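What follows is a set of notes on a single structure, which appears directly below.
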Amino acid sequence: MLEIKEFNKIIVANWKLNGSNDFLEAYFEELDSKNLRLNVCGVICPPTAYIQNCYSKLHSLYLGAQDCSKFKEGAYTGEISASMLKENNCIFCIVGHSERRQVFKENNEDIKIKAAQLLNEKIIPIICIGETLEQKKMHKTHEVLKEQVINSLPPNSSKESVIIAYEPIWAIGTGMTASLEEINDIHEYLKKDIKEIEDYKILYGGSVNSKNASEIMNLENVDGVLVGGASLKADQFSEILKA
Ligand code: 13P
């Protein structure tokens, strides 16, 4: 398993359902991932179909997946197992993204099983949590995050083997980010007040771009970012990697 404690910042591109062979060619032609600071870990999570193609072009970056099956093997049409991801060089895998929770109705228990499968294969799960705008307005953010985290964390989890990503749902793809103070406070709450994830690495996601990445990553309690839209633009993601 990769030693994540060696890294000061972890910067993850989540391409979601985007890309093509032509896109990959052009992207890696333009992406500047040379001379990254040694303590920066850059990760690309393409759609599973492009994992092999991506791996051959990554150079100093690491490969991640966007999801995995909760099953090991068998009659589960369309699924991809953690061991298949491992064989295809995935070091990280996002689980429990809000789009999986909302569109595909995944619950904390599903996410916990997926994360456990990944840990068995020595892949680092990036477990996503986040509140809706409605929950935020009702001042339920802390409560919602705690409930998600505690119930999606696999039993053999540790701060060396699991990463948490805080992605407020209202900030995803909307151009609205949480304020710097809000981000830092919520990360502090997660790291210090929830003993199950004490001192875990916590990434922030939700409308991160090349303009705001540096100030977000400089916050004391932020260990990196999970980037959607801006990670599809090679020039922007190059800047974020160097922010
Ligand atoms: P955007 O950066 O497009 O807001 O998406 C964030 C996200 O969902 C990353 O996982």
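By convention in this document, the chains of the structure tokens carry letters A, B, ... by their order, each chain's residues are numbered from 1, and ligands are numbered from 1 in the order they are shown.
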Spatial neighbours of A:Glu239, max dist 9 Å, only C-alpha atoms, sep filter under 4 positions, as a PyMOL selection string: chain A and resi 32+209-211+213+234-235+243
Do you know which residues are at most 6 Å from stretch 6-18 of chain A counting only C-alpha atoms, after dropping those on the same chain fewer than 4 positions away, and could you put them as a list in words? Asn39, Val40, Cys41, Gly42, Val43, Ile44, Cys45, Pro46, Asp223, Gly224, Val225, Leu226, Val227, Gly228 and Ser231 of chain A
Could you report the residues within 7 Å of ligand 1, using only C-alpha atoms and all ligand atoms, as an MDAnalysis selection string? chainID A and resid 14 97 167 171:175 205:208 226:230
Please return, as a ChimeraX atom specification, all residues of stretch 15-123 of chain A that DSSP assigns to strand (DSSP E or B) on the basis of the backbone. /A:40-45,62-65,92-95
Deliver the residues from the most recent selection as a file, using all heavy atoms, as a compact mmCIF listing (two decimals), in the first residue's frame.
# COMPACT_ATOMS: atom_id res chain seq x y z
N VAL A 40 3.96 16.02 -2.93
CA VAL A 40 2.63 16.13 -3.56
C VAL A 40 2.31 14.82 -4.28
O VAL A 40 3.13 14.31 -5.04
CB VAL A 40 2.59 17.31 -4.56
CG1 VAL A 40 1.32 17.27 -5.38
CG2 VAL A 40 2.71 18.63 -3.82
N CYS A 41 1.11 14.31 -4.01
CA CYS A 41 0.66 13.07 -4.66
C CYS A 41 -0.46 13.44 -5.64
O CYS A 41 -1.52 13.89 -5.22
CB CYS A 41 0.16 12.13 -3.57
SG CYS A 41 -0.65 10.65 -4.17
N GLY A 42 -0.23 13.26 -6.93
CA GLY A 42 -1.25 13.56 -7.94
C GLY A 42 -1.88 12.26 -8.42
O GLY A 42 -1.18 11.28 -8.68
N VAL A 43 -3.19 12.25 -8.52
CA VAL A 43 -3.92 11.02 -8.86
C VAL A 43 -4.93 11.32 -9.97
O VAL A 43 -5.63 12.33 -9.91
CB VAL A 43 -4.71 10.50 -7.63
CG1 VAL A 43 -5.37 9.15 -7.94
CG2 VAL A 43 -3.83 10.39 -6.39
N ILE A 44 -5.00 10.44 -10.96
CA ILE A 44 -6.04 10.56 -12.00
C ILE A 44 -7.00 9.38 -11.86
O ILE A 44 -6.57 8.22 -11.85
CB ILE A 44 -5.44 10.54 -13.43
CG1 ILE A 44 -4.33 11.57 -13.59
CG2 ILE A 44 -6.54 10.69 -14.49
CD1 ILE A 44 -4.72 12.92 -14.08
N CYS A 45 -8.29 9.68 -11.77
CA CYS A 45 -9.34 8.63 -11.73
C CYS A 45 -10.17 8.73 -12.99
O CYS A 45 -11.16 9.48 -13.06
CB CYS A 45 -10.23 8.81 -10.50
SG CYS A 45 -9.36 8.80 -8.94
N TYR A 62 -0.38 8.97 -9.98
CA TYR A 62 -0.89 7.66 -9.60
C TYR A 62 -2.27 7.44 -10.23
O TYR A 62 -2.96 8.40 -10.58
CB TYR A 62 -1.01 7.55 -8.07
CG TYR A 62 0.31 7.61 -7.38
CD1 TYR A 62 0.83 8.82 -6.92
CD2 TYR A 62 1.07 6.45 -7.19
CE1 TYR A 62 2.07 8.87 -6.28
CE2 TYR A 62 2.30 6.49 -6.56
CZ TYR A 62 2.80 7.70 -6.10
OH TYR A 62 4.00 7.75 -5.48
N LEU A 63 -2.63 6.15 -10.29
CA LEU A 63 -3.91 5.80 -10.91
C LEU A 63 -4.96 5.50 -9.84
O LEU A 63 -4.66 4.85 -8.83
CB LEU A 63 -3.68 4.55 -11.77
CG LEU A 63 -4.84 4.08 -12.63
CD1 LEU A 63 -5.20 5.12 -13.69
CD2 LEU A 63 -4.45 2.76 -13.32
N GLY A 64 -6.18 6.00 -10.07
CA GLY A 64 -7.28 5.69 -9.17
C GLY A 64 -8.50 5.29 -9.97
O GLY A 64 -8.60 5.55 -11.18
N ALA A 65 -9.45 4.62 -9.31
CA ALA A 65 -10.72 4.28 -9.94
C ALA A 65 -11.81 5.12 -9.29
O ALA A 65 -11.59 5.74 -8.25
CB ALA A 65 -11.00 2.79 -9.77
N PHE A 92 -5.55 3.95 -5.75
CA PHE A 92 -6.64 4.59 -5.01
C PHE A 92 -7.97 4.20 -5.65
O PHE A 92 -8.02 3.84 -6.83
CB PHE A 92 -6.53 6.13 -5.09
CG PHE A 92 -5.29 6.70 -4.45
CD1 PHE A 92 -4.12 6.84 -5.17
CD2 PHE A 92 -5.32 7.12 -3.12
CE1 PHE A 92 -2.97 7.37 -4.58
CE2 PHE A 92 -4.19 7.65 -2.53
CZ PHE A 92 -3.02 7.78 -3.26
N CYS A 93 -9.07 4.35 -4.88
CA CYS A 93 -10.41 4.22 -5.48
C CYS A 93 -11.39 5.07 -4.69
O CYS A 93 -11.47 4.96 -3.46
CB CYS A 93 -10.84 2.75 -5.47
SG CYS A 93 -12.48 2.49 -6.20
N ILE A 94 -12.11 5.93 -5.40
CA ILE A 94 -13.16 6.74 -4.77
C ILE A 94 -14.33 5.81 -4.45
O ILE A 94 -14.68 4.96 -5.27
CB ILE A 94 -13.63 7.83 -5.76
CG1 ILE A 94 -12.48 8.77 -6.14
CG2 ILE A 94 -14.81 8.62 -5.19
CD1 ILE A 94 -12.79 9.70 -7.32
N VAL A 95 -14.91 5.95 -3.26
CA VAL A 95 -16.17 5.24 -2.98
C VAL A 95 -17.14 6.19 -2.28
O VAL A 95 -16.73 7.11 -1.57
CB VAL A 95 -15.99 3.96 -2.10
CG1 VAL A 95 -15.49 2.79 -2.91
CG2 VAL A 95 -15.12 4.20 -0.89
Considering only C-alpha atoms, can you say which of A:Leu38, A:Val222, A:Ile123, A:Met176 comes closest to A:Met84?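 Looking only at the distances to A:Met84, the closest residue turns out to be A:Ile123.
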Which residues of stretch 108-191 of chain A have any atom within 9 Å of an atom in stretch 68-80 of chain A when counting only C-alpha atoms, and what is the closest pair of atoms for each, with the distance in Å to one decimal? Order the rows by chain and rising number and write it as a tab-separated table.
residue	atom	partner	partner_atom	distance
A:Asp110	CA	A:Lys70	CA	6.7
A:Ile111	CA	A:Lys70	CA	7.8
A:Lys112	CA	A:Lys70	CA	8.8
A:Ile113	CA	A:Lys70	CA	5.7
A:Lys114	CA	A:Lys70	CA	4.5
A:Ala115	CA	A:Lys70	CA	8.3
A:Ala116	CA	A:Lys70	CA	8.6
A:Gln117	CA	A:Lys70	CA	6.8
A:Leu118	CA	A:Cys68	CA	8.1
Please dump the current selection as a PDB file, in the first residue's frame; keep C-alpha atoms.
ATOM      1  CA  ASP A 110     -22.595  -0.540   0.609  1.00  0.00           C
ATOM      2  CA  ILE A 111     -19.756   1.941   0.874  1.00  0.00           C
ATOM      3  CA  LYS A 112     -18.338   0.251   3.959  1.00  0.00           C
ATOM      4  CA  ILE A 113     -18.279  -3.119   2.152  1.00  0.00           C
ATOM      5  CA  LYS A 114     -16.637  -1.585  -0.922  1.00  0.00           C
ATOM      6  CA  ALA A 115     -13.989   0.126   1.203  1.00  0.00           C
ATOM      7  CA  ALA A 116     -13.286  -3.163   3.008  1.00  0.00           C
ATOM      8  CA  GLN A 117     -12.856  -4.951  -0.355  1.00  0.00           C
ATOM      9  CA  LEU A 118     -10.406  -2.270  -1.434  1.00  0.00           C
TER      10      LEU A 118
END
I'd like to know which of A:Ile194, A:Ile240, A:Leu180, A:Leu2 is closest to A:Val162, using only C-alpha atoms.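 Ranking A:Ile194, A:Ile240, A:Leu180, A:Leu2 by distance to A:Val162, first place goes to A:Leu2.
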Could you pull out the residues in stretch 62-234 of chain A that DSSP calls alpha helix (DSSP H) from the backbone, as a ChimeraX atom specification? /A:82-87,98-103,108-120,133-137,141-152,180-188,213-217,234
Write out as JSON lines a residue-level contact list of stretch 25-124 of chain A versus stretch 133-147 of chain A with cut-off 12 Å: for each qualifying residue the closest pair of atoms and the distance in Å to one decimal, counting only C-alpha atoms, rows sorted by chain and residue number upward.
{"residue": "A:Asn107", "atom": "CA", "partner": "A:Glu147", "partner_atom": "CA", "distance": 11.5}
{"residue": "A:Asn108", "atom": "CA", "partner": "A:Glu147", "partner_atom": "CA", "distance": 8.9}
{"residue": "A:Glu109", "atom": "CA", "partner": "A:Glu147", "partner_atom": "CA", "distance": 11.6}
Same residues, N, CA, C and O atoms, output as a CSV table (one decimal), in the first residue's frame:
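Final file, selection.csv:
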chain,number,residue,atom,x,y,z
A,107,ASN,N,-25.9,3.2,-0.2
A,107,ASN,CA,-25.9,3.6,1.2
A,107,ASN,C,-24.6,3.4,2.0
A,107,ASN,O,-23.7,2.8,1.4
A,108,ASN,N,-24.5,3.8,3.2
A,108,ASN,CA,-23.3,3.7,4.0
A,108,ASN,C,-22.8,2.3,4.1
A,108,ASN,O,-21.6,2.1,4.0
A,109,GLU,N,-23.7,1.4,4.2
A,109,GLU,CA,-23.3,0.0,4.3
A,109,GLU,C,-22.7,-0.5,3.1
A,109,GLU,O,-21.6,-1.2,3.1
Just the number, please: distance in Å from atom CA of A:Thr48 to atom CA of A:Glu29, one decimal.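 Going from atom CA of A:Thr48 over to atom CA of A:Glu29, I get 20.5 Å.
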Tell me, as an NGL selection string, which residues lie within 9 Å of A:Asn156, counting only C-alpha atoms; anything in the same chain fewer than 3 positions away does not count. :A and (116 or 119 or 153 or 161)
